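The file query-v9.cif contains mmCIF, C-alpha atoms and all ligand atoms:
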data_entry
#
loop_
_atom_site.label_atom_id
_atom_site.label_comp_id
_atom_site.auth_asym_id
_atom_site.auth_seq_id
_atom_site.Cartn_x
_atom_site.Cartn_y
_atom_site.Cartn_z
CA MET A 1 0.00 0.00 0.00
CA ASN A 2 1.96 3.03 -1.18
CA GLN A 3 -0.59 5.66 -2.17
CA ALA A 4 -0.95 8.91 -0.24
CA LEU A 5 -3.41 8.79 2.65
CA PRO A 6 -5.91 11.49 3.57
CA PRO A 7 -5.37 13.73 6.60
CA GLY A 8 -6.06 11.93 9.88
CA VAL A 9 -5.05 8.52 8.49
CA THR A 10 -1.64 6.89 9.04
CA ARG A 11 -0.16 3.48 8.31
CA ILE A 12 0.68 1.35 11.34
CA GLN A 13 1.21 -2.31 12.14
CA ASP A 14 -1.20 -4.24 14.32
CA LEU A 15 -0.13 -6.40 17.25
CA GLY A 16 0.76 -9.18 14.81
CA GLY A 17 2.85 -6.87 12.62
CA ARG A 18 0.12 -6.88 9.95
CA GLU A 19 -0.69 -3.81 7.88
CA ALA A 20 -3.27 -1.51 9.49
CA LEU A 21 -4.54 2.05 9.34
CA GLN A 22 -4.99 4.47 12.20
CA VAL A 23 -7.94 6.84 11.68
CA THR A 24 -7.98 9.84 14.01
CA GLY A 25 -10.77 12.32 14.71
CA PRO A 26 -12.39 14.30 17.52
CA GLY A 27 -13.97 11.07 18.86
CA GLY A 28 -10.70 9.21 19.24
CA VAL A 29 -8.58 6.83 17.21
CA ALA A 30 -9.80 3.78 15.28
CA VAL A 31 -7.47 1.02 14.05
CA VAL A 32 -8.51 -0.88 10.91
CA SER A 33 -6.67 -3.94 9.60
CA VAL A 34 -6.44 -4.55 5.85
CA HIS A 35 -7.05 -8.19 6.80
CA GLY A 36 -10.81 -8.51 6.63
CA ALA A 37 -11.19 -4.69 6.83
CA GLN A 38 -11.59 -5.44 10.52
CA VAL A 39 -11.86 -2.50 12.90
CA LEU A 40 -9.60 -3.72 15.70
CA ALA A 41 -10.02 -0.94 18.26
CA TRP A 42 -11.58 2.42 19.00
CA HIS A 43 -9.34 4.22 21.47
CA ARG A 44 -10.85 7.11 23.42
CA GLY A 45 -9.50 8.85 26.52
CA SER A 46 -11.25 6.27 28.70
CA GLY A 47 -9.69 3.29 26.88
CA ASP A 48 -10.91 1.00 24.08
CA VAL A 49 -14.66 1.22 23.52
CA LEU A 50 -14.49 -2.08 21.64
CA TRP A 51 -13.20 -5.36 23.14
CA THR A 52 -10.57 -7.90 22.13
CA ALA A 53 -10.22 -11.42 23.50
CA SER A 54 -7.36 -11.94 25.96
CA ALA A 55 -5.64 -14.50 23.73
CA ALA A 56 -6.35 -12.74 20.43
CA GLU A 57 -4.31 -13.82 17.41
CA HIS A 58 -3.29 -11.35 14.70
CA MET A 59 -2.49 -13.78 11.87
CA PRO A 60 -3.21 -13.46 8.14
CA GLY A 61 -6.38 -15.35 7.27
CA VAL A 62 -7.51 -15.61 10.91
CA PRO A 63 -10.18 -13.17 12.10
CA VAL A 64 -9.19 -11.47 15.36
CA ARG A 65 -11.76 -12.24 18.06
CA GLY A 66 -12.72 -8.71 18.86
CA GLY A 67 -13.35 -5.30 17.35
CA VAL A 68 -15.77 -5.47 14.41
CA PRO A 69 -15.37 -8.64 12.29
CA LEU A 70 -17.37 -8.43 9.04
CA VAL A 71 -19.92 -11.15 8.26
CA PHE A 72 -20.66 -11.73 4.53
CA PRO A 73 -22.23 -13.42 2.54
CA TRP A 74 -23.73 -15.87 5.09
CA PHE A 75 -24.31 -15.55 8.84
CA GLY A 76 -23.29 -18.42 11.12
CA ASN A 77 -22.41 -21.80 9.67
CA HIS A 78 -22.78 -22.28 5.91
CA PRO A 79 -26.25 -23.70 5.28
CA THR A 80 -25.05 -26.78 3.41
CA ASN A 81 -21.25 -27.10 3.52
CA PRO A 82 -19.64 -27.39 6.98
CA ALA A 83 -16.19 -27.07 5.36
CA PHE A 84 -16.91 -23.41 4.49
CA PRO A 85 -15.92 -20.77 7.10
CA ALA A 86 -18.50 -19.65 9.64
CA HIS A 87 -19.80 -16.13 8.96
CA GLY A 88 -18.60 -16.20 5.35
CA PHE A 89 -15.26 -15.13 3.88
CA ALA A 90 -15.25 -11.28 4.00
CA ARG A 91 -13.37 -11.25 7.31
CA THR A 92 -10.50 -13.38 5.96
CA LEU A 93 -9.99 -11.62 2.61
CA LEU A 94 -7.12 -9.19 2.10
CA TRP A 95 -8.76 -5.79 1.46
CA HIS A 96 -7.18 -2.79 -0.30
CA VAL A 97 -7.26 0.91 0.49
CA VAL A 98 -9.15 2.88 -2.17
CA GLU A 99 -9.10 6.60 -2.83
CA PRO A 100 -10.98 8.02 0.17
CA GLN A 101 -12.81 11.31 0.13
CA PRO A 102 -11.14 13.77 2.50
CA THR A 103 -13.49 15.15 5.14
CA ASN A 104 -13.27 18.15 7.45
CA THR A 105 -14.82 16.31 10.37
CA GLY A 106 -11.96 13.87 11.05
CA GLY A 107 -10.11 10.99 9.46
CA GLN A 108 -11.88 8.66 6.99
CA ILE A 109 -10.65 5.69 5.01
CA GLU A 110 -12.26 3.26 2.58
CA LEU A 111 -11.24 -0.33 1.89
CA GLU A 112 -12.38 -2.61 -0.91
CA ALA A 113 -12.48 -6.33 -1.69
CA ARG A 114 -13.76 -8.18 -4.73
CA ASP A 115 -14.62 -11.76 -5.62
CA ASP A 116 -11.78 -14.07 -6.61
CA ALA A 117 -11.37 -17.77 -7.41
CA SER A 118 -11.42 -18.67 -3.70
CA THR A 119 -14.69 -16.83 -3.03
CA ARG A 120 -16.33 -18.04 -6.25
CA ALA A 121 -15.52 -21.63 -5.24
CA MET A 122 -17.73 -21.09 -2.18
CA TRP A 123 -20.22 -18.53 -3.54
CA PRO A 124 -20.53 -18.28 -7.35
CA HIS A 125 -21.16 -14.54 -7.63
CA ALA A 126 -19.23 -11.41 -8.63
CA PHE A 127 -19.26 -8.63 -6.05
CA ARG A 128 -17.43 -5.56 -4.77
CA LEU A 129 -17.36 -4.85 -1.03
CA ARG A 130 -16.45 -1.47 0.37
CA LEU A 131 -16.04 -0.54 4.01
CA ARG A 132 -15.80 3.14 4.91
CA VAL A 133 -14.55 3.99 8.41
CA ALA A 134 -14.92 7.58 9.60
CA MET A 135 -13.79 8.97 12.97
CA SER A 136 -15.62 12.21 13.67
CA ALA A 137 -17.12 12.79 17.12
CA ALA A 138 -18.50 9.26 16.66
CA LEU A 139 -17.19 6.15 14.89
CA ARG A 140 -19.13 5.49 11.67
CA LEU A 141 -18.91 2.33 9.57
CA GLN A 142 -20.57 1.88 6.17
CA LEU A 143 -20.55 -1.52 4.46
CA THR A 144 -21.54 -1.41 0.79
CA VAL A 145 -22.18 -4.56 -1.25
CA GLU A 146 -22.33 -4.18 -5.05
CA ASN A 147 -23.49 -6.89 -7.44
CA THR A 148 -20.95 -6.69 -10.29
CA GLY A 149 -22.18 -9.85 -11.99
CA GLU A 150 -24.83 -10.75 -14.54
CA ALA A 151 -27.25 -12.49 -12.18
CA GLY A 152 -29.06 -11.47 -9.02
CA PHE A 153 -27.97 -12.81 -5.62
CA SER A 154 -29.03 -12.65 -1.97
CA PHE A 155 -26.62 -12.26 0.95
CA GLU A 156 -26.54 -11.99 4.71
CA GLU A 157 -24.30 -9.46 6.45
CA ALA A 158 -23.37 -8.25 9.91
CA LEU A 159 -21.06 -5.83 11.64
CA HIS A 160 -20.20 -8.27 14.45
CA THR A 161 -19.21 -5.68 17.06
CA TYR A 162 -17.58 -6.71 20.36
CA PHE A 163 -18.16 -4.12 23.10
CA GLY A 164 -16.22 -3.89 26.36
CA VAL A 165 -18.69 -3.75 29.27
CA GLY A 166 -16.47 -4.34 32.33
CA ASP A 167 -18.97 -6.69 33.99
CA VAL A 168 -21.58 -8.30 31.74
CA HIS A 169 -23.82 -9.05 34.76
CA THR A 170 -24.57 -5.33 35.13
CA ALA A 171 -24.76 -4.49 31.41
CA SER A 172 -28.08 -4.04 29.59
CA VAL A 173 -29.32 -3.50 26.04
CA HIS A 174 -32.18 -1.06 25.45
CA GLY A 175 -34.38 -0.67 22.37
CA LEU A 176 -35.15 -4.31 21.62
CA GLU A 177 -38.07 -4.55 24.02
CA GLY A 178 -40.98 -6.28 22.27
CA VAL A 179 -39.00 -6.97 19.07
CA PRO A 180 -39.54 -10.52 17.73
CA CYS A 181 -36.51 -12.70 18.39
CA THR A 182 -35.27 -16.30 18.37
CA GLU A 183 -32.81 -17.65 20.92
CA HIS A 184 -30.01 -19.89 19.57
CA ALA A 185 -27.93 -20.43 22.71
CA ALA A 186 -27.30 -24.03 23.78
CA ALA A 187 -27.99 -23.17 27.43
CA PRO A 188 -30.08 -20.00 27.45
CA GLU A 189 -31.91 -18.24 30.27
CA ALA A 190 -35.02 -20.32 30.96
CA GLN A 191 -37.32 -17.39 30.32
CA TRP A 192 -36.93 -13.67 30.10
CA ALA A 193 -39.28 -10.70 29.95
CA ALA A 194 -39.34 -9.81 26.24
CA ASP A 195 -40.87 -6.42 27.04
CA GLN A 196 -37.95 -5.44 29.31
CA PRO A 197 -34.41 -4.30 28.48
CA LEU A 198 -32.09 -7.25 27.78
CA HIS A 199 -29.96 -8.37 30.73
CA PHE A 200 -27.35 -11.14 30.59
CA ARG A 201 -28.18 -14.01 32.99
CA ALA A 202 -27.06 -17.02 30.91
CA GLU A 203 -25.62 -17.83 27.48
CA THR A 204 -27.34 -15.43 25.12
CA ASP A 205 -27.47 -15.70 21.31
CA ARG A 206 -30.62 -13.92 20.17
CA ILE A 207 -31.50 -12.89 16.63
CA PHE A 208 -33.92 -9.94 16.61
CA GLN A 209 -35.84 -9.16 13.42
CA GLY A 210 -37.42 -5.82 12.50
CA VAL A 211 -35.21 -3.80 14.85
CA PRO A 212 -35.32 -0.02 15.42
CA ASP A 213 -32.43 2.04 14.05
CA ARG A 214 -31.28 3.15 17.53
CA LEU A 215 -30.14 0.85 20.35
CA GLU A 216 -28.34 1.61 23.60
CA LEU A 217 -25.82 -0.47 25.51
CA ARG A 218 -25.41 0.52 29.17
CA ALA A 219 -22.21 -0.62 30.91
CA PRO A 220 -22.35 0.82 34.44
CA ALA A 221 -19.17 -1.01 35.48
CA LEU A 222 -17.32 1.26 33.02
CA HIS A 223 -19.58 4.30 33.57
CA ARG A 224 -20.28 4.03 29.85
CA VAL A 225 -23.34 4.30 27.60
CA ILE A 226 -22.94 3.43 23.91
CA THR A 227 -25.55 4.41 21.34
CA LEU A 228 -25.80 2.36 18.15
CA THR A 229 -27.53 4.17 15.26
CA THR A 230 -27.96 2.13 12.10
CA GLY A 231 -29.09 2.60 8.51
CA ASN A 232 -30.54 -0.31 6.51
CA ALA A 233 -29.96 -2.87 9.28
CA ARG A 234 -33.16 -4.76 9.96
CA SER A 235 -31.66 -7.49 12.16
CA ALA A 236 -29.64 -7.42 15.36
CA ILE A 237 -27.91 -10.26 17.16
CA VAL A 238 -27.04 -10.02 20.87
CA TRP A 239 -24.47 -12.53 22.06
CA ASN A 240 -22.58 -13.58 25.15
CA PRO A 241 -21.15 -17.13 25.31
CA TRP A 242 -21.19 -17.49 29.14
CA PRO A 243 -18.50 -19.80 30.60
CA ALA A 244 -19.32 -23.14 28.94
CA LYS A 245 -19.18 -21.89 25.33
CA THR A 246 -16.24 -19.59 26.13
CA ALA A 247 -14.23 -22.71 26.98
CA ARG A 248 -14.82 -23.96 23.42
CA LEU A 249 -13.96 -20.71 21.63
CA SER A 250 -10.60 -19.80 20.12
CA GLN A 251 -8.57 -16.86 21.39
CA MET A 252 -10.52 -16.68 24.66
CA VAL A 253 -9.41 -17.17 28.26
CA ALA A 254 -11.81 -18.67 30.81
CA ASP A 255 -13.27 -15.47 32.26
CA ASP A 256 -13.32 -13.39 29.07
CA TRP A 257 -17.11 -13.81 28.82
CA GLN A 258 -17.54 -11.54 31.86
CA HIS A 259 -16.09 -8.48 30.11
CA PHE A 260 -17.86 -8.14 26.74
CA CYS A 261 -21.05 -8.54 24.77
CA CYS A 262 -21.70 -8.48 21.04
CA ILE A 263 -24.46 -6.38 19.50
CA GLU A 264 -24.36 -7.12 15.78
CA SER A 265 -26.00 -4.79 13.28
CA ALA A 266 -27.14 -7.06 10.49
CA ASN A 267 -29.45 -8.29 7.76
CA VAL A 268 -29.87 -12.05 8.23
CA ARG A 269 -32.30 -14.95 7.60
CA GLY A 270 -35.66 -13.45 6.53
CA HIS A 271 -33.97 -10.07 6.13
CA ALA A 272 -31.23 -11.30 3.76
CA VAL A 273 -30.69 -8.68 1.05
CA ALA A 274 -31.49 -9.42 -2.63
CA LEU A 275 -29.39 -7.50 -5.17
CA ALA A 276 -30.06 -7.28 -8.91
CA PRO A 277 -27.06 -7.06 -11.27
CA GLY A 278 -25.47 -3.62 -10.95
CA ALA A 279 -27.35 -2.79 -7.76
CA SER A 280 -25.69 -1.99 -4.43
CA HIS A 281 -26.76 -1.86 -0.77
CA THR A 282 -25.19 0.09 2.10
CA MET A 283 -25.65 -0.76 5.77
CA SER A 284 -24.33 1.84 8.23
CA LEU A 285 -23.53 1.90 11.94
CA THR A 286 -22.68 4.97 13.98
CA LEU A 287 -21.30 4.38 17.48
CA ALA A 288 -21.39 7.18 20.03
CA CYS A 289 -19.95 6.74 23.51
CA SER A 290 -20.66 8.81 26.61
O1 LIG B 1 -23.17 -13.83 16.35
C1 LIG B 1 -23.23 -14.83 17.31
C2 LIG B 1 -22.43 -16.01 16.82
O2 LIG B 1 -23.00 -16.59 15.69
C3 LIG B 1 -22.30 -16.98 17.97
O3 LIG B 1 -23.14 -18.09 17.81
C4 LIG B 1 -20.80 -17.33 17.95
O4 LIG B 1 -20.57 -18.37 17.05
C5 LIG B 1 -20.23 -16.00 17.51
O5 LIG B 1 -21.09 -15.59 16.46
C6 LIG B 1 -18.76 -16.04 17.17
O6 LIG B 1 -18.57 -16.67 15.95
P1 LIG B 1 -17.04 -16.83 15.45
O7 LIG B 1 -17.14 -17.58 14.17
O8 LIG B 1 -16.47 -15.43 15.28
O9 LIG B 1 -16.34 -17.58 16.55
#
Can you present the structure in this file as structure tokens?
Ligand code: TA6
Amino acid sequence: MNQALPPGVTRIQDLGGREALQVTGPGGVAVVSVHGAQVLAWHRGSGDVLWTASAAEHMPGVPVRGGVPLVFPWFGNHPTNPAFPAHGFARTLLWHVVEPQPTNTGGQIELEARDDASTRAMWPHAFRLRLRVAMSAALRLQLTVENTGEAGFSFEEALHTYFGVGDVHTASVHGLEGVPCTEHAAAPEAQWAADQPLHFRAETDRIFQGVPDRLELRAPALHRVITLTTGNARSAIVWNPWPAKTARLSQMVADDWQHFCCIESANVRGHAVALAPGASHTMSLTLACS
């Protein structure tokens, strides 16, 4: 990567020595890896707003467990082929920096990835992905999928955001009260009040469909409230593995589950996106932290 970068953006190396970009603005500093266009951190005065597993690996082709891994073109396990990677291939592709538009509100960068023989072997479609990361007073991500082929296709997508919460027992998610959801945890809370804010009392892996465009994560252990404002995201997944599943997950140490939750802005299952040839779709997420 040798082209000039816009103001507020500098080249760095991540903890594994891999190529990354540092995007600076009034709201702090974001770090984005070219591997999977994965936002790895959002540093503000009070520390990292996002969360990274204690035994995180920064290796080419391996998604870091933390930050904002990208999910595309399927969510979860592949519907028919268990040999294909969970959550699709976007997060293991090598992305490239494209000419970003300079802004006067802080640093902004755009990365791009296209189909290749490896992706077509798993998903026979031509596409262009673009991720724009902007650091103004808030952190804003925009994921654009373009159908560059001759036939229509449908895809699932998610911004699989890991948030630091300090103590998950005291954290809560607001805005999903009364929204239809399905629970996919192996050992979930026996029953919960669907008309109340979401609290974490057991393994939680809930897909909400038809979600509002504004959610709030309250993390009193960190004296932190995070607002998630989305565009074109009609699904949300809220996840915490609790101890038993944590023990089976890569890059985690035993008590990691206590310090994070995922709120994933998405379009999955019944809200998968259909794209005609030449069409494109942009899902956005703006994170504000107080
Ligand atoms: O989004 C929730 C989820 O599907 C969980 O079931 C868990 O598998 C999590 O994603 C992490 O998936 P990963 O493939 O990143 O380990």
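Those residues that approach Gly66 of chain A to within 9 Å, counting all atoms listed in the file, are Val39, Leu40, Ala41, Leu50, Trp51, Thr52, Ala53, Ala56, His160, Thr161, Tyr162 and Phe163 of chain A; same-chain residues fewer than 6 positions away are not listed.
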Can I get the residues close to ligand LIG 1 (chain B) as a PDB file with C-alpha atoms, keeping the file's coordinate frame, where close means within 7 Å and we count all atoms listed in the file?
ATOM      1  CA  ARG A  65     -11.760 -12.240  18.060  1.00  0.00           C
ATOM      2  CA  GLY A  76     -23.290 -18.420  11.120  1.00  0.00           C
ATOM      3  CA  ALA A  86     -18.500 -19.650   9.640  1.00  0.00           C
ATOM      4  CA  HIS A  87     -19.800 -16.130   8.960  1.00  0.00           C
ATOM      5  CA  HIS A 160     -20.200  -8.270  14.450  1.00  0.00           C
ATOM      6  CA  ASP A 205     -27.470 -15.700  21.310  1.00  0.00           C
ATOM      7  CA  ILE A 237     -27.910 -10.260  17.160  1.00  0.00           C
ATOM      8  CA  TRP A 239     -24.470 -12.530  22.060  1.00  0.00           C
ATOM      9  CA  LEU A 249     -13.960 -20.710  21.630  1.00  0.00           C
ATOM     10  CA  GLU A 264     -24.360  -7.120  15.780  1.00  0.00           C
TER      11      GLU A 264
END
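Residues with any atom within 9 Å of Pro277 of chain A, counting all atoms listed in the file and excluding same-chain neighbours fewer than 6 positions away, are Glu146, Asn147, Thr148, Gly149, Glu150, Ala151, Gly152 and Phe153 of chain A.
In this structure, atom CA of Gly61 of chain A sits 7.0 Å away from atom CA of Leu93 of chain A.
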Given all atoms listed in the file, how would the per-residue table for segment 65-117 of chain A near segment 127-136 of chain A read, listing every residue at most 9 Å away with its closest atom pair and distance in Å to one decimal, sorted by chain and number, as JSON lines?
{"residue": "A:Ala90", "atom": "CA", "partner": "A:Leu129", "partner_atom": "CA", "distance": 8.4}
{"residue": "A:Trp95", "atom": "CA", "partner": "A:Arg130", "partner_atom": "CA", "distance": 8.9}
{"residue": "A:Val98", "atom": "CA", "partner": "A:Arg130", "partner_atom": "CA", "distance": 8.9}
{"residue": "A:Pro100", "atom": "CA", "partner": "A:Arg132", "partner_atom": "CA", "distance": 8.3}
{"residue": "A:Thr103", "atom": "CA", "partner": "A:Ala134", "partner_atom": "CA", "distance": 8.9}
{"residue": "A:Asn104", "atom": "CA", "partner": "A:Ser136", "partner_atom": "CA", "distance": 8.9}
{"residue": "A:Thr105", "atom": "CA", "partner": "A:Ser136", "partner_atom": "CA", "distance": 5.3}
{"residue": "A:Gly106", "atom": "CA", "partner": "A:Ser136", "partner_atom": "CA", "distance": 4.8}
{"residue": "A:Gly107", "atom": "CA", "partner": "A:Met135", "partner_atom": "CA", "distance": 5.5}
{"residue": "A:Gln108", "atom": "CA", "partner": "A:Ala134", "partner_atom": "CA", "distance": 4.1}
{"residue": "A:Ile109", "atom": "CA", "partner": "A:Val133", "partner_atom": "CA", "distance": 5.4}
{"residue": "A:Glu110", "atom": "CA", "partner": "A:Arg132", "partner_atom": "CA", "distance": 4.2}
{"residue": "A:Leu111", "atom": "CA", "partner": "A:Leu131", "partner_atom": "CA", "distance": 5.3}
{"residue": "A:Glu112", "atom": "CA", "partner": "A:Arg130", "partner_atom": "CA", "distance": 4.4}
{"residue": "A:Ala113", "atom": "CA", "partner": "A:Leu129", "partner_atom": "CA", "distance": 5.1}
{"residue": "A:Arg114", "atom": "CA", "partner": "A:Arg128", "partner_atom": "CA", "distance": 4.5}
{"residue": "A:Asp115", "atom": "CA", "partner": "A:Phe127", "partner_atom": "CA", "distance": 5.6}
- Message: Could you list, as a PyMOL selection string, every residue within 10 Å of Arg201 of chain A, counting only C-alpha atoms and ignoring same-chain residues fewer than 2 positions away?
- Response: chain A and resi 168-170+188-190+192+198-199+203-204+240+242
- Message: Need to verify the contact set: Thr24 of chain A, 10 Å, all atoms listed in the file, exclusion of same-chain residues closer than 2 positions in sequence. Can you return it as number ranges by chain?
- Response: A: 7-10, 21-22, 26-31, 42-43, 106-108, 134-136, 139
- Which residue of A:Gly67, A:Gly178, A:Pro241, A:Pro6 approaches Phe200 of chain A most closely, using all atoms listed in the file: A:Pro241
- Message: So that I can check the surroundings of Gly17 of chain A, please list as a ChimeraX atom specification every protein, DNA and RNA residue that reaches within 12 Å of it, counting only C-alpha atoms and ignoring chain neighbours fewer than 5 positions away.
- Response: /A:11-12,33-35,57-60
Grab the residues selected above and save them as a CSV table (one decimal), in the coordinates of the input with C-alpha atoms.
chain,number,residue,atom,x,y,z
A,11,ARG,CA,-0.2,3.5,8.3
A,12,ILE,CA,0.7,1.4,11.3
A,33,SER,CA,-6.7,-3.9,9.6
A,34,VAL,CA,-6.4,-4.6,5.8
A,35,HIS,CA,-7.0,-8.2,6.8
A,57,GLU,CA,-4.3,-13.8,17.4
A,58,HIS,CA,-3.3,-11.4,14.7
A,59,MET,CA,-2.5,-13.8,11.9
A,60,PRO,CA,-3.2,-13.5,8.1
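Atom CA of Val268 of chain A to atom CA of Glu156 of chain A spans 4.8 Å [interatomic distance, one decimal].
Counting from atom CA of Asn232 of chain A, the distance to atom CA of Trp123 of chain A is 23.2 Å.
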